[in-house]
Each structure stands twice: as structure tokens, then as C-alpha cells.
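*Asks:* Okay, so here is final22.pdb, and as you'll see once you scroll down, it has PDB, C-alpha atoms (C1' of nucleotides).
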```pdb
ATOM      1  CA  MET N 948      -4.208  -7.461   5.140  1.00  0.00           C
ATOM      2  CA  PHE N 949      -5.905  -8.005   1.823  1.00  0.00           C
ATOM      3  CA  GLU N 950      -2.672  -8.328  -0.081  1.00  0.00           C
ATOM      4  CA  ARG N 951      -1.197 -10.783   2.377  1.00  0.00           C
ATOM      5  CA  LEU N 952      -4.327 -12.915   2.377  1.00  0.00           C
ATOM      6  CA  MET N 953      -4.678 -12.848  -1.387  1.00  0.00           C
ATOM      7  CA  GLY N 954      -0.979 -13.662  -1.743  1.00  0.00           C
ATOM      8  CA  ARG N 955      -1.325 -16.696   0.508  1.00  0.00           C
ATOM      9  CA  PHE N 956      -4.716 -18.072  -0.467  1.00  0.00           C
ATOM     10  CA  GLY N 957      -5.627 -16.586  -3.850  1.00  0.00           C
ATOM     11  CA  PRO N 958      -9.209 -15.881  -5.014  1.00  0.00           C
ATOM     12  CA  GLN N 959     -11.869 -17.787  -3.054  1.00  0.00           C
ATOM     13  CA  GLY N 960     -14.607 -17.824  -5.671  1.00  0.00           C
ATOM     14  CA  TRP N 961     -17.468 -16.864  -3.376  1.00  0.00           C
ATOM     15  CA  TRP N 962     -20.441 -17.187  -3.049  1.00  0.00           C
ATOM     16  CA  PRO N 963     -20.943 -20.919  -3.685  1.00  0.00           C
ATOM     17  CA  GLY N 964     -24.380 -20.581  -5.334  1.00  0.00           C
ATOM     18  CA  GLU N 965     -25.721 -20.870  -8.866  1.00  0.00           C
ATOM     19  CA  THR N 966     -28.155 -17.938  -8.940  1.00  0.00           C
ATOM     20  CA  PRO N 967     -28.763 -14.756  -6.931  1.00  0.00           C
ATOM     21  CA  PHE N 968     -31.889 -16.362  -5.525  1.00  0.00           C
ATOM     22  CA  GLU N 969     -29.940 -19.403  -4.367  1.00  0.00           C
ATOM     23  CA  VAL N 970     -27.367 -17.147  -2.731  1.00  0.00           C
ATOM     24  CA  MET N 971     -30.143 -15.372  -0.826  1.00  0.00           C
ATOM     25  CA  ILE N 972     -31.614 -18.644   0.450  1.00  0.00           C
ATOM     26  CA  GLY N 973     -28.137 -19.880   1.359  1.00  0.00           C
ATOM     27  CA  ALA N 974     -27.465 -16.674   3.292  1.00  0.00           C
ATOM     28  CA  ILE N 975     -30.419 -17.406   5.566  1.00  0.00           C
ATOM     29  CA  LEU N 976     -29.752 -21.126   5.908  1.00  0.00           C
ATOM     30  CA  THR N 977     -26.085 -20.670   6.834  1.00  0.00           C
ATOM     31  CA  GLN N 978     -26.809 -18.529   9.888  1.00  0.00           C
ATOM     32  CA  ASN N 979     -24.656 -19.924  12.705  1.00  0.00           C
ATOM     33  CA  THR N 980     -24.325 -23.145  10.726  1.00  0.00           C
ATOM     34  CA  ASN N 981     -21.655 -25.009   8.802  1.00  0.00           C
ATOM     35  CA  TRP N 982     -21.927 -24.562   5.039  1.00  0.00           C
ATOM     36  CA  THR N 983     -21.815 -28.304   4.350  1.00  0.00           C
ATOM     37  CA  ASN N 984     -25.079 -28.663   6.277  1.00  0.00           C
ATOM     38  CA  VAL N 985     -26.599 -25.910   4.165  1.00  0.00           C
ATOM     39  CA  GLU N 986     -25.634 -27.737   0.979  1.00  0.00           C
ATOM     40  CA  LYS N 987     -27.658 -30.744   2.099  1.00  0.00           C
ATOM     41  CA  ALA N 988     -30.685 -28.541   2.752  1.00  0.00           C
ATOM     42  CA  ILE N 989     -30.367 -26.791  -0.608  1.00  0.00           C
ATOM     43  CA  ALA N 990     -30.068 -30.147  -2.375  1.00  0.00           C
ATOM     44  CA  ASN N 991     -33.306 -31.226  -0.699  1.00  0.00           C
ATOM     45  CA  LEU N 992     -35.054 -28.048  -1.823  1.00  0.00           C
ATOM     46  CA  GLN N 993     -33.848 -28.482  -5.386  1.00  0.00           C
ATOM     47  CA  ARG N 994     -34.987 -32.072  -5.497  1.00  0.00           C
ATOM     48  CA  GLU N 995     -38.369 -31.648  -3.832  1.00  0.00           C
ATOM     49  CA  ALA N 996     -39.517 -28.133  -4.696  1.00  0.00           C
ATOM     50  CA  ASP N 997     -37.710 -27.053  -7.904  1.00  0.00           C
ATOM     51  CA  PHE N 998     -36.133 -24.237  -5.886  1.00  0.00           C
ATOM     52  CA  SER N 999     -38.388 -21.473  -7.191  1.00  0.00           C
ATOM     53  CA  PRO N1000     -39.878 -18.798  -4.923  1.00  0.00           C
ATOM     54  CA  HIS N1001     -43.403 -19.945  -5.704  1.00  0.00           C
ATOM     55  CA  GLY N1002     -42.489 -23.605  -5.437  1.00  0.00           C
ATOM     56  CA  LEU N1003     -40.945 -23.136  -2.011  1.00  0.00           C
ATOM     57  CA  LEU N1004     -43.813 -21.006  -0.777  1.00  0.00           C
ATOM     58  CA  ALA N1005     -46.307 -23.606  -1.970  1.00  0.00           C
ATOM     59  CA  LEU N1006     -44.799 -26.238   0.321  1.00  0.00           C
ATOM     60  CA  PRO N1007     -46.683 -26.893   3.546  1.00  0.00           C
ATOM     61  CA  PRO N1008     -44.663 -25.133   6.287  1.00  0.00           C
ATOM     62  CA  GLY N1009     -43.981 -28.406   8.057  1.00  0.00           C
ATOM     63  CA  ARG N1010     -42.677 -29.937   4.866  1.00  0.00           C
ATOM     64  CA  LEU N1011     -40.369 -26.990   4.249  1.00  0.00           C
ATOM     65  CA  ALA N1012     -38.973 -27.363   7.762  1.00  0.00           C
ATOM     66  CA  GLU N1013     -38.407 -31.075   7.158  1.00  0.00           C
ATOM     67  CA  LEU N1014     -36.460 -30.417   3.959  1.00  0.00           C
ATOM     68  CA  ILE N1015     -34.108 -27.916   5.561  1.00  0.00           C
ATOM     69  CA  ARG N1016     -33.589 -30.005   8.696  1.00  0.00           C
ATOM     70  CA  PRO N1017     -29.876 -30.616   8.000  1.00  0.00           C
ATOM     71  CA  SER N1018     -29.154 -26.880   8.198  1.00  0.00           C
ATOM     72  CA  GLY N1019     -30.179 -26.769  11.856  1.00  0.00           C
ATOM     73  CA  TYR N1020     -32.687 -24.468  13.600  1.00  0.00           C
ATOM     74  CA  PHE N1021     -35.047 -25.822  10.957  1.00  0.00           C
ATOM     75  CA  ASN N1022     -38.307 -24.633  12.507  1.00  0.00           C
ATOM     76  CA  GLN N1023     -37.059 -21.077  12.922  1.00  0.00           C
ATOM     77  CA  LYS N1024     -35.396 -21.054   9.529  1.00  0.00           C
ATOM     78  CA  ALA N1025     -38.517 -22.383   7.799  1.00  0.00           C
ATOM     79  CA  ALA N1026     -40.476 -19.412   9.166  1.00  0.00           C
ATOM     80  CA  LYS N1027     -37.666 -17.034   8.188  1.00  0.00           C
ATOM     81  CA  LEU N1028     -37.548 -18.469   4.680  1.00  0.00           C
ATOM     82  CA  ARG N1029     -41.279 -18.026   4.218  1.00  0.00           C
ATOM     83  CA  ASP N1030     -41.098 -14.415   5.384  1.00  0.00           C
ATOM     84  CA  PHE N1031     -38.197 -13.783   3.043  1.00  0.00           C
ATOM     85  CA  LEU N1032     -39.959 -15.445   0.101  1.00  0.00           C
ATOM     86  CA  GLU N1033     -42.961 -13.143   0.597  1.00  0.00           C
ATOM     87  CA  PHE N1034     -40.590 -10.198   0.628  1.00  0.00           C
ATOM     88  CA  TYR N1035     -38.774 -11.468  -2.460  1.00  0.00           C
ATOM     89  CA  LEU N1036     -41.969 -11.817  -4.464  1.00  0.00           C
ATOM     90  CA  ARG N1037     -43.200  -8.408  -3.277  1.00  0.00           C
ATOM     91  CA  SER N1038     -39.881  -6.776  -4.203  1.00  0.00           C
ATOM     92  CA  THR N1039     -39.422  -8.325  -7.612  1.00  0.00           C
ATOM     93  CA  GLY N1040     -43.038  -8.572  -8.709  1.00  0.00           C
ATOM     94  CA  GLY N1041     -41.963 -11.207 -11.208  1.00  0.00           C
ATOM     95  CA  GLU N1042     -39.166  -9.052 -12.583  1.00  0.00           C
ATOM     96  CA  LYS N1043     -35.951 -10.330 -11.027  1.00  0.00           C
ATOM     97  CA  ARG N1044     -33.814  -7.293 -11.757  1.00  0.00           C
ATOM     98  CA  ARG N1045     -36.131  -4.961  -9.906  1.00  0.00           C
ATOM     99  CA  MET N1046     -34.526  -5.590  -6.521  1.00  0.00           C
ATOM    100  CA  ARG N1047     -31.041  -4.846  -7.853  1.00  0.00           C
ATOM    101  CA  ARG N1048     -32.164  -1.520  -9.292  1.00  0.00           C
ATOM    102  CA  ARG N1049     -33.435  -0.115  -6.007  1.00  0.00           C
ATOM    103  CA  PRO N1050     -31.383   2.463  -4.048  1.00  0.00           C
ATOM    104  CA  LEU N1051     -28.978   0.641  -1.755  1.00  0.00           C
ATOM    105  CA  ALA N1052     -29.918   2.273   1.552  1.00  0.00           C
ATOM    106  CA  ALA N1053     -33.641   1.692   1.089  1.00  0.00           C
ATOM    107  CA  LEU N1054     -33.117  -1.913   0.031  1.00  0.00           C
ATOM    108  CA  ARG N1055     -30.923  -2.631   3.045  1.00  0.00           C
ATOM    109  CA  ARG N1056     -33.486  -1.065   5.366  1.00  0.00           C
ATOM    110  CA  ASP N1057     -36.253  -3.208   3.879  1.00  0.00           C
ATOM    111  CA  LEU N1058     -34.180  -6.380   4.108  1.00  0.00           C
ATOM    112  CA  LEU N1059     -33.502  -5.670   7.779  1.00  0.00           C
ATOM    113  CA  ALA N1060     -37.238  -5.327   8.360  1.00  0.00           C
ATOM    114  CA  VAL N1061     -37.771  -8.941   7.285  1.00  0.00           C
ATOM    115  CA  ARG N1062     -38.025 -11.277  10.269  1.00  0.00           C
ATOM    116  CA  GLY N1063     -34.882 -13.383  10.406  1.00  0.00           C
ATOM    117  CA  ILE N1064     -32.670 -11.086   8.373  1.00  0.00           C
ATOM    118  CA  GLY N1065     -30.111  -9.274  10.488  1.00  0.00           C
ATOM    119  CA  PRO N1066     -27.164  -7.132   9.377  1.00  0.00           C
ATOM    120  CA  GLU N1067     -24.886  -9.957   8.242  1.00  0.00           C
ATOM    121  CA  THR N1068     -27.565 -11.743   6.240  1.00  0.00           C
ATOM    122  CA  ALA N1069     -28.782  -8.487   4.689  1.00  0.00           C
ATOM    123  CA  ASP N1070     -25.260  -7.509   3.689  1.00  0.00           C
ATOM    124  CA  SER N1071     -24.478 -10.995   2.376  1.00  0.00           C
ATOM    125  CA  ILE N1072     -27.518 -10.736   0.127  1.00  0.00           C
ATOM    126  CA  LEU N1073     -26.559  -7.237  -1.007  1.00  0.00           C
ATOM    127  CA  LEU N1074     -22.953  -8.149  -1.770  1.00  0.00           C
ATOM    128  CA  TYR N1075     -23.004 -11.756  -2.880  1.00  0.00           C
ATOM    129  CA  ALA N1076     -26.424 -11.963  -4.537  1.00  0.00           C
ATOM    130  CA  LEU N1077     -26.835  -8.430  -5.859  1.00  0.00           C
ATOM    131  CA  GLY N1078     -23.243  -7.264  -6.331  1.00  0.00           C
ATOM    132  CA  LYS N1079     -23.602  -4.158  -4.155  1.00  0.00           C
ATOM    133  CA  PRO N1080     -20.401  -2.702  -2.647  1.00  0.00           C
ATOM    134  CA  VAL N1081     -21.262  -3.529   0.988  1.00  0.00           C
ATOM    135  CA  PHE N1082     -18.759  -5.098   3.366  1.00  0.00           C
ATOM    136  CA  VAL N1083     -19.989  -8.205   5.186  1.00  0.00           C
ATOM    137  CA  VAL N1084     -18.950  -8.569   8.816  1.00  0.00           C
ATOM    138  CA  ASP N1085     -19.161 -11.899  10.607  1.00  0.00           C
ATOM    139  CA  ALA N1086     -17.766 -13.786  13.580  1.00  0.00           C
ATOM    140  CA  TYR N1087     -14.563 -14.524  11.673  1.00  0.00           C
ATOM    141  CA  THR N1088     -14.080 -10.873  10.775  1.00  0.00           C
ATOM    142  CA  ARG N1089     -14.298  -9.880  14.420  1.00  0.00           C
ATOM    143  CA  ARG N1090     -12.060 -12.679  15.652  1.00  0.00           C
ATOM    144  CA  VAL N1091      -9.358 -12.266  13.018  1.00  0.00           C
ATOM    145  CA  LEU N1092      -9.187  -8.502  13.434  1.00  0.00           C
ATOM    146  CA  SER N1093      -9.216  -8.526  17.223  1.00  0.00           C
ATOM    147  CA  ARG N1094      -6.567 -11.289  17.344  1.00  0.00           C
ATOM    148  CA  HIS N1095      -4.289  -9.052  15.349  1.00  0.00           C
ATOM    149  CA  GLY N1096      -5.038  -5.908  17.307  1.00  0.00           C
ATOM    150  CA  ALA N1097      -7.032  -4.150  14.599  1.00  0.00           C
ATOM    151  CA  CYS N1098     -10.190  -3.826  16.716  1.00  0.00           C
ATOM    152  CA  ARG N1099     -11.586  -4.485  20.176  1.00  0.00           C
ATOM    153  CA  PRO N1100     -13.005  -8.005  20.667  1.00  0.00           C
ATOM    154  CA  ASP N1101     -16.427  -6.487  21.335  1.00  0.00           C
ATOM    155  CA  ALA N1102     -16.456  -4.090  18.378  1.00  0.00           C
ATOM    156  CA  SER N1103     -19.971  -3.671  16.991  1.00  0.00           C
ATOM    157  CA  TYR N1104     -21.122  -4.765  13.558  1.00  0.00           C
ATOM    158  CA  ASP N1105     -21.408  -1.194  12.284  1.00  0.00           C
ATOM    159  CA  GLU N1106     -18.046  -0.254  13.740  1.00  0.00           C
ATOM    160  CA  LEU N1107     -16.304  -3.113  11.948  1.00  0.00           C
ATOM    161  CA  GLN N1108     -18.152  -2.459   8.736  1.00  0.00           C
ATOM    162  CA  ARG N1109     -17.091   1.188   8.791  1.00  0.00           C
ATOM    163  CA  LEU N1110     -13.496   0.190   9.451  1.00  0.00           C
ATOM    164  CA  PHE N1111     -13.445  -1.481   6.040  1.00  0.00           C
ATOM    165  CA  MET N1112     -15.788   0.775   4.115  1.00  0.00           C
ATOM    166  CA  ASP N1113     -14.199   4.025   5.273  1.00  0.00           C
ATOM    167  CA  HIS N1114     -10.744   2.897   4.170  1.00  0.00           C
ATOM    168  CA  LEU N1115     -11.365   0.975   0.963  1.00  0.00           C
ATOM    169  CA  PRO N1116     -12.854   1.928  -2.395  1.00  0.00           C
ATOM    170  CA  PRO N1117     -16.508   0.823  -2.758  1.00  0.00           C
ATOM    171  CA  ASP N1118     -15.625  -2.144  -4.930  1.00  0.00           C
ATOM    172  CA  ALA N1119     -17.917  -5.168  -4.742  1.00  0.00           C
ATOM    173  CA  ALA N1120     -15.278  -7.531  -6.160  1.00  0.00           C
ATOM    174  CA  LEU N1121     -12.788  -6.383  -3.530  1.00  0.00           C
ATOM    175  CA  PHE N1122     -15.297  -6.711  -0.674  1.00  0.00           C
ATOM    176  CA  ASN N1123     -16.303 -10.126  -1.954  1.00  0.00           C
ATOM    177  CA  GLU N1124     -12.751 -11.500  -1.907  1.00  0.00           C
ATOM    178  CA  PHE N1125     -11.738  -9.750   1.287  1.00  0.00           C
ATOM    179  CA  HIS N1126     -14.566 -11.188   3.335  1.00  0.00           C
ATOM    180  CA  ALA N1127     -14.114 -14.663   1.878  1.00  0.00           C
ATOM    181  CA  LEU N1128     -10.391 -14.479   2.661  1.00  0.00           C
ATOM    182  CA  LEU N1129     -11.104 -13.449   6.258  1.00  0.00           C
ATOM    183  CA  VAL N1130     -13.294 -16.533   6.631  1.00  0.00           C
ATOM    184  CA  ARG N1131     -10.518 -18.667   5.153  1.00  0.00           C
ATOM    185  CA  VAL N1132      -7.818 -17.358   7.469  1.00  0.00           C
ATOM    186  CA  GLY N1133     -10.236 -17.537  10.397  1.00  0.00           C
ATOM    187  CA  LYS N1134     -10.860 -21.219   9.749  1.00  0.00           C
ATOM    188  CA  GLU N1135      -7.261 -22.160   9.143  1.00  0.00           C
ATOM    189  CA  HIS N1136      -5.296 -19.931  11.499  1.00  0.00           C
ATOM    190  CA  CYS N1137      -7.381 -17.815  13.851  1.00  0.00           C
ATOM    191  CA  ARG N1138      -9.482 -20.631  15.275  1.00  0.00           C
ATOM    192  CA  LYS N1139     -11.452 -20.108  18.439  1.00  0.00           C
ATOM    193  CA  SER N1140      -9.788 -22.953  20.306  1.00  0.00           C
ATOM    194  CA  VAL N1141      -6.246 -22.023  19.257  1.00  0.00           C
ATOM    195  CA  PRO N1142      -5.186 -18.705  20.778  1.00  0.00           C
ATOM    196  CA  ARG N1143      -1.988 -18.610  18.702  1.00  0.00           C
ATOM    197  CA  CYS N1144      -2.197 -18.020  14.979  1.00  0.00           C
ATOM    198  CA  GLU N1145       0.397 -20.543  13.876  1.00  0.00           C
ATOM    199  CA  GLY N1146       1.835 -19.633  10.469  1.00  0.00           C
ATOM    200  CA  CYS N1147      -0.782 -16.952   9.991  1.00  0.00           C
ATOM    201  CA  PRO N1148      -0.141 -14.737   6.935  1.00  0.00           C
ATOM    202  CA  LEU N1149      -1.208 -11.725   9.018  1.00  0.00           C
ATOM    203  CA  GLU N1150       1.559 -12.262  11.581  1.00  0.00           C
ATOM    204  CA  GLY N1151       3.477  -9.084  12.308  1.00  0.00           C
ATOM    205  CA  LEU N1152       1.045  -6.610  10.731  1.00  0.00           C
ATOM    206  CA  GLU N1153       0.774  -3.390  12.697  1.00  0.00           C
ATOM    207  CA  PHE N1154      -2.414  -1.367  13.032  1.00  0.00           C
ATOM    208  CA  PRO N1155      -2.977   2.108  14.438  1.00  0.00           C
ATOM    209  CA  SER N1156      -4.516   1.762  17.905  1.00  0.00           C
ATOM    210  CA  PRO N1157      -8.303   2.224  17.700  1.00  0.00           C
TER     211      PRO N1157
ATOM    212  C1'  DG B 675     -18.639 -36.864  24.911  1.00  0.00           C
ATOM    213  C1'  DC B 676     -17.229 -32.127  23.567  1.00  0.00           C
ATOM    214  C1'  DC B 677     -16.516 -28.175  20.575  1.00  0.00           C
ATOM    215  C1'  DC B 678     -17.697 -25.667  16.739  1.00  0.00           C
ATOM    216  C1'  DA B 679     -20.153 -23.633  12.708  1.00  0.00           C
ATOM    217  C1'  DG B 680     -20.230 -17.525   7.387  1.00  0.00           C
ATOM    218  C1'  DG B 681     -26.759 -15.207  13.486  1.00  0.00           C
ATOM    219  C1'  DT B 682     -31.183 -13.533  14.934  1.00  0.00           C
ATOM    220  C1'  DG B 683     -34.945 -12.072  17.797  1.00  0.00           C
ATOM    221  C1'  DG B 684     -37.290 -12.034  22.170  1.00  0.00           C
ATOM    222  C1'  DG B 685     -37.119 -11.142  27.000  1.00  0.00           C
ATOM    223  C1'  DT B 686     -35.515  -8.698  31.080  1.00  0.00           C
ATOM    224  C1'  DA B 687     -33.391  -4.977  33.914  1.00  0.00           C
TER     225       DA B 687
ATOM    226  C1'  DT Q1006     -28.175  -0.052  26.074  1.00  0.00           C
ATOM    227  C1'  DA Q1007     -26.571  -4.466  27.911  1.00  0.00           C
ATOM    228  C1'  DC Q1008     -26.867  -8.951  28.804  1.00  0.00           C
ATOM    229  C1'  DC Q1009     -29.102 -13.760  28.567  1.00  0.00           C
ATOM    230  C1'  DC Q1010     -31.296 -17.238  26.144  1.00  0.00           C
ATOM    231  C1'  DA Q1011     -33.575 -20.447  22.603  1.00  0.00           C
ATOM    232  C1'  DC Q1012     -33.029 -22.242  18.373  1.00  0.00           C
ATOM    233  C1'  DA Q1013     -30.651 -27.706  16.203  1.00  0.00           C
ATOM    234  C1'  DT Q1014     -28.018 -30.422  12.896  1.00  0.00           C
ATOM    235  C1'  DG Q1015     -23.672 -32.641  11.524  1.00  0.00           C
ATOM    236  C1'  DG Q1016     -18.557 -32.994  11.302  1.00  0.00           C
ATOM    237  C1'  DG Q1017     -13.945 -33.191  13.596  1.00  0.00           C
TER     238       DG Q1017
END
```
For this file, produce the structure as C-alpha cells.
*Replies:*
Amino acid sequence: MFERLMGRFGPQGWWPGETPFEVMIGAILTQNTNWTNVEKAIANLQREADFSPHGLLALPPGRLAELIRPSGYFNQKAAKLRDFLEFYLRSTGGEKRRMRRRPLAALRRDLLAVRGIGPETADSILLYALGKPVFVVDAYTRRVLSRHGACRPDASYDELQRLFMDHLPPDAALFNEFHALLVRVGKEHCRKSVPRCEGCPLEGLEFPSP
DNA sequence: GCCCAGGTGGGTA
DNA sequence: TACCCACATGGG
């Protein structure tokens, strides 16, 4: 799958964010939301609050919600962002590299304990912000794989994650590209409304039955 | 107007 | 565990 996708689309250059911190904020804001809407919200935060953890946390909660309005679910996401910012400051204690140095399993567990961070957001932060070899599963991953008979349509997050991580080397660069490519092919060929994958580069691949 | 978008947490049985 | 639901904007 990876070779076919890479051959068709080439490197995707993910994640679209300047700093690890920006990637983390983007990971929360993009939950069930189009990335272009997230870009508007991030632009607002950069313009109005210098995009620093302390700067964002210093905003009145209502103001924060107003700034991220374009990303949708803005009231919920404002509360999630504040909870995450508290966690971020606690975890780094002013020393940004501290989070990256922690053992992976413990860090993932602590991320999942933050209100508003579920498995996909936690793993996106681990992989795309911190460079950890963790495979990110999302709606596209499930749809693309089930369309091509590589998993059941109702496969769980952990099940899908294991499918990749048990069969690939723990390589963050590989996981980064693979997930981004799955999103790309999901958008262009395995769309929800189009049951046929017209011209899909994965056409004809065979998988062992689950 | 309608569908969709890089989910998550709370409630209920 | 297995559903069901609220949350919300913006683009095609």
C-alpha cells in the first residue's frame, strides 16, 4: 500500500505547522473539522495572542473561543485548549524538550488523561509534534482500508493501529508519510459519497482475510 | 439546501 | 460493552 501511494502521490510534507507547539494546537483544533478552517483559527491566535502557551492561557476564555470560532465546536475546543495548555506547561516546566524525553507509554497515557484528547489527537501529537514512532489512525484510515478489504468497517482504533505497527518497522518518518498518504487517497479516491474508488492506486491489492 | 470535514466525552441500557 | 447524541463553522 505504502509503495503504491508514495509512487502515485509522493511525499506529503506533513504536518502543516511551524513548531511542535503549533502542531499540538492544530491537532486539537482539527478534530472533525476541515483543515482550512483550522488555519483561520490559528491565524487569529497568532495575530491576537502571539501563539505562546502563556499568551493563550492569559486570554479570557470567551475571547479564546471567539478567536477559534472558524474551527467549529469553538466553545468545546476552547475548554479543551485550556486544559491542554495547563498540561503542556506542567509537562515542560519551561523546558520544551522535556516532554519529548519522557517514556512513550507514560506520555501517551498522560495525554489521553487530558480532557479533549482522545487516541487520534494523542497519537497525532506524539508522531507529528514529537517525532515518536506511533501510527495515527483516523476516519480515512478506516474507510480506505475497509474499502479495500484490509479490515472490517467497524475495526477499533487499537486494532487498526496494531495492524500497521505490528507489520512495519517503528519508523516515525514512515508512519508520518503513510498516514498522510492515506488521508490523500481517502480524499481523492475513497470518498464517503462515492462507493467506487475510481482510478485508485490501491485497486487490485490483495490482503489476507482478517 | 445538503453533505462533508485529519473526534471526543457524556449519557443510557 | 454498545449505541446515541451534542458540539459548529465553512467549503463544494
*Asks:* Under the PyMOL selection byres ((chain N and resi 993) around 12), which residues of this model are included? Write them out as a list in words.
*Replies:* Glu965, Glu969, Ile972, Glu986, Lys987, Ala988, Ile989, Ala990, Asn991, Leu992, Arg994, Glu995, Ala996, Asp997, Phe998, Ser999, Pro1000, Gly1002, Leu1003, Leu1011, Leu1014 and Ile1015 of chain N
*Asks:* Return as a list of chain:residue names the residues belonging to chain N that are within 8 Å of chain Q, counting only C-alpha atoms (C1' of nucleotides).
*Replies:*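 Residues satisfying the distance criterion: N:Asn984, N:Arg1016, N:Pro1017, N:Ser1018, N:Gly1019, N:Tyr1020, N:Phe1021, N:Gln1023.
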*Asks:* Run the PyMOL selection byres ((chain B and resi 680) around 8) against the file shown and list the residues it catches, as a PyMOL selection string.
*Replies:* chain N and resi 977-982+1085-1087+1130
*Asks:* Taking only C-alpha atoms (C1' of nucleotides) into account and nothing else, which residues of chain B lie no more than 7 Å away from chain N? Please answer as a PyMOL selection string.
*Replies:* chain B and resi 679-682
*Asks:* Stretch 1009-1015 of chain Q, all listed atoms, 3 Å padding on each side: what axis-aligned box centre and edge lengths in Å to one decimal come out, as AutoDock Vina command-line options?
*Replies:*
```
--center_x -28.6 --center_y -23.2 --center_z 20.0 --size_x 15.9 --size_y 24.9 --size_z 23.0
```
*Asks:* Name the residues that the PyMOL selection byres ((chain N and resi 1107) around 12) picks from the file above, as a VMD selection string, using the file's chain letters and numbers.
*Replies:* chain N and resid 1066 to 1067 1082 to 1093 1097 to 1106 1108 to 1114 1126 1157
*Asks:* Rounded to one decimal in Å, what is the spacing between atom CA of N:Gln959 and atom CA of N:Val1081?
*Replies:*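 Here the two named atoms are 17.5 Å from each other.
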*Asks:* Given all atoms listed in the file as the basis, pick out the residue of N:Glu1153, N:Ala1119, N:Arg1044, N:Arg1049 nearest to N:Arg1094.
*Replies:*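 So, comparing all the options, the nearest one is N:Glu1153.
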*Asks:* Return the single residue from N:Leu1121, N:Leu952, N:Val1061, N:Leu1152 that is closest to B:DG683, with distances computed using all atoms listed in the file.
*Replies:*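 Answer, going by the shortest atom-to-atom distance: N:Val1061.
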*Asks:* Just to confirm, what's the straight-line distance from atom CA of N:Glu1033 to atom C1' of B:DG685 in Å (one decimal)?
*Replies:*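 Here the two named atoms are 27.1 Å from each other.
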*Asks:* Just give me the gap between atom CA of N:Pro1008 and atom CA of N:Met1046 in Å, one decimal is fine.
*Replies:*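 Taking atom CA of N:Pro1008 as the start and atom CA of N:Met1046 as the end point, the length is 25.5 Å.
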